[in-house]
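Q: Below is the file run.cif, with mmCIF, C-alpha atoms and all ligand atoms.
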data_run
#
loop_
_atom_site.label_atom_id
_atom_site.label_comp_id
_atom_site.auth_asym_id
_atom_site.auth_seq_id
_atom_site.Cartn_x
_atom_site.Cartn_y
_atom_site.Cartn_z
CA MET A 1 -24.05 -5.62 4.56
CA ASP A 2 -26.75 -7.22 6.65
CA LEU A 3 -25.65 -10.85 6.54
CA ALA A 4 -28.92 -12.22 7.94
CA GLN A 5 -30.83 -10.33 5.27
CA LEU A 6 -28.39 -11.56 2.63
CA GLU A 7 -29.25 -15.15 3.55
CA ASP A 8 -32.99 -14.32 3.34
CA VAL A 9 -32.71 -12.67 -0.08
CA LEU A 10 -30.69 -15.59 -1.44
CA ALA A 11 -33.05 -18.19 0.03
CA ALA A 12 -36.10 -16.38 -1.38
CA ARG A 13 -34.52 -16.57 -4.84
CA GLY A 14 -33.70 -20.25 -4.46
CA GLU A 15 -29.98 -19.61 -4.77
CA PRO A 16 -27.52 -22.36 -3.78
CA ARG A 17 -26.20 -22.15 -0.24
CA PHE A 18 -22.62 -21.28 -1.18
CA ARG A 19 -23.68 -17.91 -2.60
CA ALA A 20 -23.79 -16.17 0.80
CA ALA A 21 -20.20 -17.15 1.51
CA GLN A 22 -19.19 -16.07 -1.98
CA VAL A 23 -20.75 -12.61 -1.59
CA TRP A 24 -19.34 -12.17 1.93
CA SER A 25 -15.88 -13.15 0.79
CA TRP A 26 -15.90 -10.37 -1.85
CA ALA A 27 -17.18 -7.80 0.65
CA ALA A 28 -14.63 -8.93 3.25
CA ARG A 29 -11.80 -8.40 0.78
CA GLY A 30 -12.85 -4.81 0.13
CA ALA A 31 -15.02 -5.07 -3.00
CA PRO A 32 -16.64 -1.68 -3.69
CA GLY A 33 -20.07 -3.16 -4.49
CA TYR A 34 -21.99 -6.15 -5.86
CA ALA A 35 -21.13 -5.23 -9.43
CA SER A 36 -17.49 -6.29 -9.04
CA MET A 37 -18.33 -9.82 -7.78
CA THR A 38 -17.39 -11.47 -11.04
CA ASN A 39 -18.09 -15.08 -10.03
CA VAL A 40 -21.66 -14.20 -9.03
CA PRO A 41 -24.20 -14.32 -11.93
CA ARG A 42 -25.01 -10.89 -13.29
CA THR A 43 -28.75 -11.24 -12.69
CA LEU A 44 -28.08 -11.99 -9.04
CA ARG A 45 -25.67 -9.06 -8.74
CA ASP A 46 -28.37 -6.79 -10.18
CA ALA A 47 -31.00 -8.21 -7.83
CA LEU A 48 -28.75 -7.69 -4.80
CA THR A 49 -27.97 -4.13 -5.88
CA ALA A 50 -31.69 -3.47 -6.03
CA ASP A 51 -32.71 -5.32 -2.85
CA LEU A 52 -29.91 -5.19 -0.30
CA PRO A 53 -27.92 -2.08 0.68
CA PHE A 54 -24.21 -2.87 0.30
CA SER A 55 -23.57 -1.43 3.79
CA THR A 56 -25.81 -1.26 6.86
CA LEU A 57 -24.22 2.14 7.54
CA ASP A 58 -24.30 5.46 5.69
CA VAL A 59 -21.30 7.75 5.86
CA VAL A 60 -22.31 11.14 7.27
CA THR A 61 -18.96 12.90 7.69
CA GLU A 62 -15.32 12.02 7.66
CA ALA A 63 -12.50 13.94 9.40
CA ARG A 64 -8.77 13.63 8.80
CA SER A 65 -6.09 14.29 11.39
CA LYS A 66 -2.67 15.78 10.79
CA ASP A 67 -1.24 12.39 11.85
CA GLY A 68 -3.17 10.52 9.16
CA THR A 69 -5.96 9.26 11.42
CA VAL A 70 -9.43 9.24 9.86
CA LYS A 71 -12.63 9.39 11.89
CA THR A 72 -15.88 8.52 10.18
CA LEU A 73 -19.34 9.26 11.47
CA PHE A 74 -21.95 6.83 10.18
CA HIS A 75 -25.67 6.55 10.63
CA THR A 76 -27.42 3.21 10.97
CA ALA A 77 -30.51 2.65 8.82
CA ASP A 78 -32.61 3.93 11.75
CA ALA A 79 -30.41 7.04 12.09
CA HIS A 80 -28.32 6.20 15.15
CA PRO A 81 -24.86 7.79 15.08
CA VAL A 82 -21.81 5.50 15.12
CA GLU A 83 -18.16 6.54 14.91
CA ALA A 84 -15.14 4.50 13.87
CA VAL A 85 -11.49 5.46 13.50
CA LEU A 86 -8.73 4.29 11.18
CA MET A 87 -5.24 4.69 12.66
CA ARG A 88 -2.15 4.59 10.46
CA TYR A 89 1.19 3.99 12.11
CA ARG A 90 4.64 4.67 10.74
CA ASP A 91 5.58 1.00 10.82
CA GLY A 92 2.77 0.36 8.34
CA ARG A 93 0.22 -0.92 10.83
CA ARG A 94 -3.40 -0.08 10.00
CA SER A 95 -5.74 -0.36 12.93
CA VAL A 96 -9.49 0.22 12.97
CA CYS A 97 -11.22 1.20 16.22
CA VAL A 98 -14.88 0.13 16.09
CA SER A 99 -17.96 0.99 18.13
CA SER A 100 -20.13 -1.76 19.58
CA GLN A 101 -23.04 0.50 20.59
CA SER A 102 -24.40 3.85 19.48
CA GLY A 103 -23.51 5.95 22.51
CA CYS A 104 -22.89 4.21 25.84
CA PRO A 105 -25.15 3.62 28.83
CA LEU A 106 -22.21 3.80 31.26
CA THR A 107 -21.14 7.14 32.72
CA CYS A 108 -17.37 7.07 33.22
CA THR A 109 -16.57 10.66 34.17
CA PHE A 110 -13.56 11.09 31.86
CA CYS A 111 -15.15 9.72 28.67
CA ALA A 112 -17.12 11.84 26.21
CA THR A 113 -19.18 8.92 24.87
CA GLY A 114 -20.85 8.57 28.29
CA GLN A 115 -22.14 12.14 27.97
CA MET A 116 -24.11 11.48 24.78
CA ARG A 117 -27.47 9.76 24.60
CA PHE A 118 -27.37 5.97 24.49
CA GLY A 119 -28.96 4.68 21.29
CA ARG A 120 -28.83 0.90 21.04
CA ASN A 121 -26.63 -2.13 20.61
CA LEU A 122 -25.17 -2.58 17.14
CA THR A 123 -25.58 -5.78 15.15
CA ALA A 124 -22.57 -7.88 14.10
CA SER A 125 -23.07 -6.62 10.54
CA GLU A 126 -23.07 -2.99 11.69
CA ILE A 127 -19.80 -3.60 13.52
CA LEU A 128 -18.24 -5.35 10.52
CA ASP A 129 -19.41 -2.62 8.14
CA GLN A 130 -17.30 -0.10 10.08
CA VAL A 131 -14.23 -2.20 9.33
CA LEU A 132 -15.24 -2.83 5.71
CA HIS A 133 -15.64 0.91 5.09
CA PHE A 134 -11.92 1.36 5.77
CA ARG A 135 -10.99 -1.97 4.17
CA ARG A 136 -12.30 -0.57 0.90
CA LEU A 137 -9.71 2.20 1.20
CA GLU A 138 -6.72 0.05 2.13
CA ASP A 139 -5.62 -3.17 3.86
CA VAL A 140 -6.37 -3.31 7.58
CA ASP A 141 -4.42 -5.56 9.97
CA HIS A 142 -5.63 -4.71 13.49
CA VAL A 143 -9.07 -4.13 14.98
CA VAL A 144 -9.77 -2.79 18.47
CA PHE A 145 -13.24 -2.75 20.01
CA MET A 146 -12.51 0.55 21.74
CA GLY A 147 -14.93 2.96 20.11
CA MET A 148 -18.32 3.96 21.43
CA GLY A 149 -20.07 1.61 23.80
CA GLU A 150 -19.37 -1.28 26.14
CA PRO A 151 -18.69 -4.44 24.09
CA MET A 152 -19.56 -6.84 26.91
CA MET A 153 -23.08 -5.39 27.12
CA ASN A 154 -23.48 -6.54 23.51
CA VAL A 155 -21.37 -9.63 23.71
CA GLU A 156 -22.98 -11.93 21.14
CA PRO A 157 -22.75 -9.56 18.16
CA VAL A 158 -19.26 -8.52 19.29
CA VAL A 159 -18.07 -12.13 19.32
CA GLU A 160 -19.76 -12.87 16.00
CA ALA A 161 -18.06 -9.86 14.41
CA ALA A 162 -14.68 -10.68 15.98
CA LEU A 163 -14.84 -14.26 14.69
CA ARG A 164 -15.39 -13.07 11.10
CA LEU A 165 -12.46 -10.65 11.10
CA PRO A 166 -9.91 -13.13 9.72
CA ASP A 167 -11.93 -13.06 6.47
CA VAL A 168 -11.19 -9.32 6.35
CA GLY A 169 -7.47 -9.94 6.91
CA VAL A 170 -7.34 -9.36 10.68
CA THR A 171 -6.21 -12.35 12.73
CA HIS A 172 -7.60 -13.11 16.19
CA ARG A 173 -4.24 -12.22 17.72
CA ARG A 174 -4.55 -8.77 16.19
CA THR A 175 -8.07 -8.25 17.53
CA THR A 176 -8.62 -6.65 20.95
CA VAL A 177 -11.88 -6.29 22.86
CA SER A 178 -11.86 -3.66 25.62
CA THR A 179 -14.27 -3.67 28.55
CA VAL A 180 -14.92 -1.87 31.83
CA GLY A 181 -15.40 -5.35 33.26
CA TRP A 182 -19.13 -5.81 32.67
CA LEU A 183 -19.14 -9.21 34.34
CA PRO A 184 -22.11 -11.05 32.78
CA GLY A 185 -20.78 -10.41 29.28
CA LEU A 186 -17.14 -10.79 30.25
CA SER A 187 -17.76 -14.15 31.91
CA ARG A 188 -19.55 -15.40 28.81
CA PHE A 189 -16.80 -14.10 26.59
CA VAL A 190 -14.13 -15.83 28.63
CA ALA A 191 -16.10 -19.09 28.73
CA GLU A 192 -17.00 -19.16 25.04
CA VAL A 193 -14.17 -17.56 23.13
CA THR A 194 -11.41 -20.10 22.76
CA VAL A 195 -9.57 -18.32 19.92
CA PRO A 196 -6.73 -15.99 20.94
CA VAL A 197 -8.59 -12.67 20.79
CA ARG A 198 -6.96 -10.17 23.15
CA LEU A 199 -8.85 -8.83 26.16
CA ALA A 200 -8.29 -5.34 27.55
CA ILE A 201 -9.71 -4.07 30.85
CA SER A 202 -10.25 -0.41 31.67
CA VAL A 203 -8.97 -0.16 35.23
CA HIS A 204 -7.99 3.51 35.79
CA ALA A 205 -7.70 3.12 39.57
CA ALA A 206 -6.86 0.17 41.80
CA ASP A 207 -8.44 1.80 44.85
CA PRO A 208 -12.17 0.90 44.87
CA VAL A 209 -13.24 4.25 46.34
CA LEU A 210 -11.50 6.25 43.63
CA ARG A 211 -12.52 3.80 40.89
CA ARG A 212 -16.16 4.16 41.91
CA GLU A 213 -15.86 7.94 41.51
CA LEU A 214 -14.39 7.62 38.03
CA MET A 215 -16.39 4.60 36.88
CA PRO A 216 -19.75 4.11 38.60
CA VAL A 217 -19.77 0.52 37.25
CA GLU A 218 -17.33 -0.36 40.06
CA ASP A 219 -20.34 -0.41 42.40
CA ARG A 220 -21.95 -3.19 40.45
CA TYR A 221 -18.93 -5.19 39.34
CA PRO A 222 -15.94 -4.60 41.63
CA LEU A 223 -12.48 -4.63 40.08
CA ALA A 224 -11.31 -7.50 42.29
CA ASP A 225 -13.98 -9.80 40.77
CA VAL A 226 -13.17 -8.60 37.26
CA LEU A 227 -9.45 -9.22 37.68
CA ALA A 228 -10.16 -12.73 38.97
CA VAL A 229 -12.08 -13.55 35.76
CA CYS A 230 -9.27 -12.05 33.67
CA ARG A 231 -6.71 -14.12 35.50
CA GLY A 232 -8.73 -17.22 34.63
CA HIS A 233 -8.62 -16.17 30.99
CA TRP A 234 -4.86 -15.80 31.16
CA GLU A 235 -4.48 -19.19 32.80
CA ARG A 236 -6.44 -20.85 30.00
CA THR A 237 -5.03 -18.96 27.02
CA ARG A 238 -1.66 -17.67 28.28
CA ARG A 239 -2.50 -14.39 26.56
CA ARG A 240 -1.82 -11.50 28.89
CA VAL A 241 -4.78 -9.23 29.53
CA PHE A 242 -4.10 -5.57 28.77
CA VAL A 243 -4.88 -3.06 31.49
CA GLU A 244 -5.90 0.40 30.33
CA TYR A 245 -5.14 3.23 32.72
CA VAL A 246 -5.89 6.81 31.72
CA MET A 247 -3.52 9.24 33.44
CA LEU A 248 -5.37 12.03 35.26
CA ALA A 249 -3.24 14.70 36.94
CA GLY A 250 -3.54 14.65 40.72
CA VAL A 251 -6.29 12.04 40.58
CA ASN A 252 -4.79 8.60 39.88
CA ASP A 253 -1.18 9.32 38.90
CA ARG A 254 0.72 9.23 42.20
CA PRO A 255 3.55 6.70 42.77
CA GLU A 256 1.71 5.01 45.64
CA GLN A 257 -1.25 4.49 43.32
CA ALA A 258 1.09 2.77 40.89
CA ARG A 259 2.29 0.50 43.70
CA LEU A 260 -1.29 -0.35 44.61
CA LEU A 261 -2.00 -1.16 40.96
CA ALA A 262 1.08 -3.39 40.77
CA ARG A 263 -0.08 -5.30 43.86
CA ALA A 264 -3.58 -5.77 42.43
CA LEU A 265 -2.24 -7.09 39.12
CA GLY A 266 0.78 -9.21 39.95
CA ARG A 267 3.54 -9.91 37.44
CA ASP A 268 2.22 -12.66 35.26
CA ALA A 269 -1.26 -12.18 33.82
CA PHE A 270 -1.44 -8.49 32.90
CA LYS A 271 0.28 -5.87 30.83
CA VAL A 272 -0.39 -2.20 31.58
CA ASN A 273 -1.01 0.41 28.92
CA LEU A 274 -0.88 3.95 30.33
CA ILE A 275 -3.11 6.28 28.31
CA PRO A 276 -2.41 10.02 28.14
CA TYR A 277 -5.75 11.72 28.91
CA ASN A 278 -7.45 13.20 25.88
CA PRO A 279 -9.32 16.34 26.91
CA THR A 280 -13.07 15.79 27.13
CA GLY A 281 -13.92 18.08 30.02
CA PRO A 282 -13.33 17.90 33.72
CA TYR A 283 -9.73 16.69 34.12
CA GLU A 284 -6.15 17.65 33.40
CA GLY A 285 -3.91 15.07 31.84
CA SER A 286 -0.84 13.95 33.79
CA SER A 287 2.47 15.50 32.79
CA ARG A 288 4.98 13.40 30.87
CA ALA A 289 7.13 13.38 34.03
CA ALA A 290 4.25 12.02 36.12
CA ILE A 291 3.53 9.33 33.52
CA ASP A 292 7.22 8.35 33.47
CA ALA A 293 7.37 8.21 37.28
CA PHE A 294 4.22 6.06 37.37
CA LYS A 295 5.70 3.75 34.78
CA ALA A 296 8.95 3.55 36.74
CA GLU A 297 7.05 2.24 39.77
CA LEU A 298 5.38 -0.45 37.67
CA ASP A 299 8.73 -1.33 36.08
CA ARG A 300 10.22 -1.67 39.54
CA ALA A 301 7.43 -4.10 40.46
CA ARG A 302 8.15 -5.97 37.19
CA VAL A 303 4.71 -5.31 35.72
CA PRO A 304 5.16 -4.90 31.95
CA THR A 305 4.06 -1.38 31.03
CA THR A 306 3.82 0.73 27.89
CA VAL A 307 2.52 4.24 27.18
CA ARG A 308 -0.14 4.51 24.49
CA LEU A 309 0.61 6.55 21.41
CA THR A 310 -2.06 9.21 21.08
CA ARG A 311 -3.66 9.52 17.65
CA GLY A 312 -6.24 11.82 16.14
CA ARG A 313 -6.66 14.21 19.05
CA ASP A 314 -7.04 17.22 16.73
CA ILE A 315 -10.19 15.72 15.21
CA ALA A 316 -11.57 14.37 18.52
CA ALA A 317 -10.87 10.83 17.32
CA ALA A 318 -8.65 9.79 20.25
CA CYS A 319 -9.64 7.46 23.11
CA GLY A 320 -12.65 8.74 24.99
CA GLN A 321 -13.43 11.50 22.50
CA LEU A 322 -16.00 9.75 20.33
CA ALA A 323 -19.27 11.55 20.94
CA ALA A 324 -20.74 12.05 17.47
CA ARG A 325 -20.58 15.82 17.24
CA PRO A 326 -19.95 16.05 13.54
CA ARG A 327 -20.40 19.76 13.08
CA THR A 328 -17.59 20.79 15.38
CA THR A 329 -15.06 18.19 14.36
CA ALA A 330 -15.60 16.93 10.85
CA ARG A 331 -15.68 17.86 7.21
CA PRO A 332 -18.31 16.75 4.72
CA ALA A 333 -17.74 13.22 3.49
CA ALA A 334 -17.98 14.26 -0.14
CA ARG A 335 -14.64 16.04 0.12
CA LEU A 336 -12.95 12.98 1.33
CA GLY A 337 -13.15 10.54 -1.52
CA GLN A 338 -9.51 11.52 -2.13
CA SER A 339 -7.86 9.54 0.62
CA SER A 340 -7.87 7.97 4.02
CA THR A 341 -6.10 6.77 7.52
CA ASP A 342 -4.75 5.43 12.68
N1 LIG A 401 -16.33 0.64 27.16
C1 LIG A 401 -15.09 -0.05 26.83
C2 LIG A 401 -14.68 0.21 25.41
C3 LIG A 401 -14.20 1.62 25.14
S1 LIG A 401 -12.49 1.56 25.12
C4 LIG A 401 -14.02 0.34 27.82
O1 LIG A 401 -14.20 1.34 28.53
O2 LIG A 401 -13.02 -0.36 27.94
C5 LIG A 401 -12.01 3.19 25.26
C6 LIG A 401 -10.77 3.33 26.12
O3 LIG A 401 -10.43 4.73 26.19
C7 LIG A 401 -11.06 2.88 27.54
O4 LIG A 401 -9.94 2.31 28.14
C8 LIG A 401 -11.40 4.21 28.17
O5 LIG A 401 -11.31 4.15 29.53
C9 LIG A 401 -10.41 5.14 27.54
N2 LIG A 401 -10.78 6.54 27.65
C10 LIG A 401 -12.02 7.04 27.86
N3 LIG A 401 -11.98 8.38 27.91
C11 LIG A 401 -10.69 8.73 27.73
C12 LIG A 401 -10.02 10.00 27.65
N4 LIG A 401 -10.69 11.13 27.78
N5 LIG A 401 -8.69 10.01 27.42
C13 LIG A 401 -8.03 8.84 27.26
N6 LIG A 401 -8.61 7.63 27.31
C14 LIG A 401 -9.92 7.57 27.55
#
If you convert what's in this file into structure tokens, what do you get?
A:
Amino acid sequence: MDLAQLEDVLAARGEPRFRAAQVWSWAARGAPGYASMTNVPRTLRDALTADLPFSTLDVVTEARSKDGTVKTLFHTADAHPVEAVLMRYRDGRRSVCVSSQSGCPLTCTFCATGQMRFGRNLTASEILDQVLHFRRLEDVDHVVFMGMGEPMMNVEPVVEAALRLPDVGVTHRRTTVSTVGWLPGLSRFVAEVTVPVRLAISVHAADPVLRRELMPVEDRYPLADVLAVCRGHWERTRRRVFVEYVMLAGVNDRPEQARLLARALGRDAFKVNLIPYNPTGPYEGSSRAAIDAFKAELDRARVPTTVRLTRGRDIAAACGQLAARPRTTARPAARLGQSSTD
């Protein structure tokens, strides 16, 4: 729900100050609507039902993957598309991937979101409502800001949303914000956020010439500067920064490119997450053998490295595939009341 508007509605009715926190706490714990907020007076519940939409987002379609992943397409009140993904893992983990913008103004060549029209920044409430949608289905314990958009271009609402997540049951340590390294926002984030929220940086190539081809943002904010800021974050918080590296066959997956990456990162401040490429167009994903060989080089250089588990590819819900094309990938929401899911 729109938390600023909630405050306004309550103030206009002369309600005591604690009401906003009371209403938020119900919503954060997955209440289905105002009606179930039993410690809020009935007349106020009725007034809120009439005056304030319970969510800032409307569900348009929902798609379910064979692996249990659910992708939901929402519309904001002004009809901008937003996608979010619930990932269910075998160990019981429930992770929600949220969007921070409708579309994305950046144009990374391997990412489908960059191909769609950029809409606008989302508000903190619109980000939280993506999480609450899934929280109403089941408990959620991780949130990653890895959906549509560049979080550090919308840093204030992203931080505001991240700081409220513990109310929803997601600790700071289980919250990750991913960025291309948009320096103005990243520098503010690093300076202002003292809680242990995890940072992730999309690197994808250590060589500046190749990185510029894949991610035009390299021109503006070179990786070397970005890594220096990340290192500062690690020095202050002692939380390793995750490095995302999507594996593109014959492009960035050669052993010498792994060695270059290892040199750029060093052993202490970073942890690499190799991402199998999810088809979105122009590239071929690296083979499993190439990914293993790349990882072996990083292991040899003692850079901690894992390979990301791919989820939801069959419903275009995997990394880089969010592009709000509901008709080709999703089923009508009405059919989905039955269940949920990575
Ligand atoms: N703009 C931020 C947040 C999005 S995170 C960022 O780029 O970090 C989405 C992650 O998925 C990023 O690491 C991105 O580089 C990666 N990604 C994009 N397209 C992909 C694809 N086709 N296959 C696999 N990963 C992809």
Q: Using only C-alpha atoms, find the one residue out of A:Gln130, A:Thr305, A:Ser100, A:Thr280 that sits nearest to Ala258 in chain A.
A: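 The shortest atom-to-atom distance to Ala258 in chain A comes from A:Thr305.
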Q: Residues within 7 Å of ligand LIG 401 (chain A), counting only C-alpha atoms and all ligand atoms: report them as a PDB file with C-alpha atoms, in the coordinates of the input.
A:
ATOM      1  CA  PHE A 110     -13.560  11.090  31.860  1.00  0.00           C
ATOM      2  CA  CYS A 111     -15.150   9.720  28.670  1.00  0.00           C
ATOM      3  CA  ALA A 112     -17.120  11.840  26.210  1.00  0.00           C
ATOM      4  CA  PHE A 145     -13.240  -2.750  20.010  1.00  0.00           C
ATOM      5  CA  MET A 146     -12.510   0.550  21.740  1.00  0.00           C
ATOM      6  CA  GLY A 147     -14.930   2.960  20.110  1.00  0.00           C
ATOM      7  CA  MET A 148     -18.320   3.960  21.430  1.00  0.00           C
ATOM      8  CA  GLY A 149     -20.070   1.610  23.800  1.00  0.00           C
ATOM      9  CA  GLU A 150     -19.370  -1.280  26.140  1.00  0.00           C
ATOM     10  CA  PRO A 151     -18.690  -4.440  24.090  1.00  0.00           C
ATOM     11  CA  SER A 178     -11.860  -3.660  25.620  1.00  0.00           C
ATOM     12  CA  THR A 179     -14.270  -3.670  28.550  1.00  0.00           C
ATOM     13  CA  VAL A 180     -14.920  -1.870  31.830  1.00  0.00           C
ATOM     14  CA  ALA A 200      -8.290  -5.340  27.550  1.00  0.00           C
ATOM     15  CA  ILE A 201      -9.710  -4.070  30.850  1.00  0.00           C
ATOM     16  CA  SER A 202     -10.250  -0.410  31.670  1.00  0.00           C
ATOM     17  CA  GLU A 244      -5.900   0.400  30.330  1.00  0.00           C
ATOM     18  CA  TYR A 245      -5.140   3.230  32.720  1.00  0.00           C
ATOM     19  CA  VAL A 246      -5.890   6.810  31.720  1.00  0.00           C
ATOM     20  CA  ILE A 275      -3.110   6.280  28.310  1.00  0.00           C
ATOM     21  CA  PRO A 276      -2.410  10.020  28.140  1.00  0.00           C
ATOM     22  CA  TYR A 277      -5.750  11.720  28.910  1.00  0.00           C
ATOM     23  CA  ASN A 278      -7.450  13.200  25.880  1.00  0.00           C
ATOM     24  CA  PRO A 279      -9.320  16.340  26.910  1.00  0.00           C
ATOM     25  CA  THR A 280     -13.070  15.790  27.130  1.00  0.00           C
ATOM     26  CA  CYS A 319      -9.640   7.460  23.110  1.00  0.00           C
ATOM     27  CA  GLY A 320     -12.650   8.740  24.990  1.00  0.00           C
ATOM     28  CA  GLN A 321     -13.430  11.500  22.500  1.00  0.00           C
TER      29      GLN A 321
END
Q: How many Å separate CA of Val209 in chain A from CA of Thr107 in chain A?
A: 16.0 Å
Q: Expressed in Å to a single decimal, how great is the separation between CA of Asn121 in chain A and CA of Lys271 in chain A?
A: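 Pair CA of Asn121 in chain A / CA of Lys271 in chain A returns 29.0 Å.
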Q: Between CA of Leu57 in chain A and CA of Asp2 in chain A, what is the spacing in Å?
A: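 Here the two named atoms are 9.7 Å from each other.
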Q: Can you tell me which residues surround range 211-225 of chain A at a distance of at most 6 Å, considering all atoms listed in the file, apart from same-chain residues fewer than 6 positions away, and format the answer as a list in words?
A: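 Near neighbours after the sequence-gap exclusion: Cys108, Thr109 and Ala205 of chain A.
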Q: Between A:Phe294, A:Phe54, A:Trp234, A:Phe242, which is the closest to Ala31 in chain A once you count only C-alpha atoms?
A: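 Distance minimum relative to Ala31 in chain A lands on A:Phe54.
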Q: What box, with edges along x, y and z, holds each listed atom of range 175-185 of chain A when 8 Å is added on every side, and can you state its centre and edge lengths in Å to one decimal, as JSON?
A:
{"center_x": -15.1, "center_y": -6.5, "center_z": 25.9, "size_x": 30.0, "size_y": 25.2, "size_z": 32.8}
Q: List the spatial neighbours of Val98 in chain A as a ChimeraX atom specification - criterion: any atom at most 12 Å away, all atoms listed in the file, same-chain residues fewer than 5 positions off excluded.
A: /A:71-74,82-87,122,124-134,142-151,158,161-162,175-178,317,319,322,342
Q: Write out as a PyMOL selection string each polymer residue whose atoms come within 10 Å of range 163-171 of chain A, counting only C-alpha atoms; drop sequence neighbours fewer than 5 positions from it.
A: chain A and resi 24-30+95+124+128+131-132+135+139-143+157-158+193+195-197
Q: Between A:Leu261, A:Leu48, A:Arg239, A:Trp182, single out the one closest to Asp207 in chain A, counting only C-alpha atoms.
A: A:Leu261
Q: Give me range 277-289 of chain A with N, CA, C and O atoms filled in, as a PDB file, in the frame of the given file.
A:
ATOM      1  N   TYR A 277      -4.351  11.271  28.917  1.00  0.00           N
ATOM      2  CA  TYR A 277      -5.750  11.720  28.910  1.00  0.00           C
ATOM      3  C   TYR A 277      -5.996  12.637  27.708  1.00  0.00           C
ATOM      4  O   TYR A 277      -5.252  13.584  27.475  1.00  0.00           O
ATOM      5  N   ASN A 278      -7.039  12.337  26.983  1.00  0.00           N
ATOM      6  CA  ASN A 278      -7.450  13.200  25.880  1.00  0.00           C
ATOM      7  C   ASN A 278      -8.566  14.109  26.395  1.00  0.00           C
ATOM      8  O   ASN A 278      -9.570  13.617  26.892  1.00  0.00           O
ATOM      9  N   PRO A 279      -8.374  15.411  26.275  1.00  0.00           N
ATOM     10  CA  PRO A 279      -9.320  16.340  26.910  1.00  0.00           C
ATOM     11  C   PRO A 279     -10.756  16.094  26.462  1.00  0.00           C
ATOM     12  O   PRO A 279     -11.037  16.002  25.271  1.00  0.00           O
ATOM     13  N   THR A 280     -11.631  15.926  27.422  1.00  0.00           N
ATOM     14  CA  THR A 280     -13.070  15.790  27.130  1.00  0.00           C
ATOM     15  C   THR A 280     -13.855  16.651  28.105  1.00  0.00           C
ATOM     16  O   THR A 280     -15.059  16.712  28.050  1.00  0.00           O
ATOM     17  N   GLY A 281     -13.188  17.285  29.046  1.00  0.00           N
ATOM     18  CA  GLY A 281     -13.920  18.080  30.020  1.00  0.00           C
ATOM     19  C   GLY A 281     -13.196  18.260  31.335  1.00  0.00           C
ATOM     20  O   GLY A 281     -12.202  18.980  31.422  1.00  0.00           O
ATOM     21  N   PRO A 282     -13.616  17.502  32.336  1.00  0.00           N
ATOM     22  CA  PRO A 282     -13.330  17.900  33.720  1.00  0.00           C
ATOM     23  C   PRO A 282     -11.885  17.755  34.211  1.00  0.00           C
ATOM     24  O   PRO A 282     -11.561  18.332  35.232  1.00  0.00           O
ATOM     25  N   TYR A 283     -11.043  16.994  33.529  1.00  0.00           N
ATOM     26  CA  TYR A 283      -9.730  16.690  34.120  1.00  0.00           C
ATOM     27  C   TYR A 283      -8.586  17.357  33.373  1.00  0.00           C
ATOM     28  O   TYR A 283      -8.737  17.855  32.265  1.00  0.00           O
ATOM     29  N   GLU A 284      -7.417  17.296  34.044  1.00  0.00           N
ATOM     30  CA  GLU A 284      -6.150  17.650  33.400  1.00  0.00           C
ATOM     31  C   GLU A 284      -5.382  16.365  33.184  1.00  0.00           C
ATOM     32  O   GLU A 284      -5.346  15.508  34.086  1.00  0.00           O
ATOM     33  N   GLY A 285      -4.739  16.251  32.049  1.00  0.00           N
ATOM     34  CA  GLY A 285      -3.910  15.070  31.840  1.00  0.00           C
ATOM     35  C   GLY A 285      -2.636  15.150  32.667  1.00  0.00           C
ATOM     36  O   GLY A 285      -2.137  16.246  32.941  1.00  0.00           O
ATOM     37  N   SER A 286      -2.110  13.981  33.050  1.00  0.00           N
ATOM     38  CA  SER A 286      -0.840  13.950  33.790  1.00  0.00           C
ATOM     39  C   SER A 286       0.279  14.465  32.899  1.00  0.00           C
ATOM     40  O   SER A 286       0.241  14.288  31.675  1.00  0.00           O
ATOM     41  N   SER A 287       1.298  15.045  33.537  1.00  0.00           N
ATOM     42  CA  SER A 287       2.470  15.500  32.790  1.00  0.00           C
ATOM     43  C   SER A 287       3.262  14.280  32.325  1.00  0.00           C
ATOM     44  O   SER A 287       3.111  13.171  32.869  1.00  0.00           O
ATOM     45  N   ARG A 288       4.120  14.494  31.341  1.00  0.00           N
ATOM     46  CA  ARG A 288       4.980  13.400  30.870  1.00  0.00           C
ATOM     47  C   ARG A 288       5.835  12.870  32.033  1.00  0.00           C
ATOM     48  O   ARG A 288       6.048  11.669  32.174  1.00  0.00           O
ATOM     49  N   ALA A 289       6.289  13.790  32.888  1.00  0.00           N
ATOM     50  CA  ALA A 289       7.130  13.380  34.030  1.00  0.00           C
ATOM     51  C   ALA A 289       6.325  12.488  34.984  1.00  0.00           C
ATOM     52  O   ALA A 289       6.837  11.481  35.494  1.00  0.00           O
TER      53      ALA A 289
END
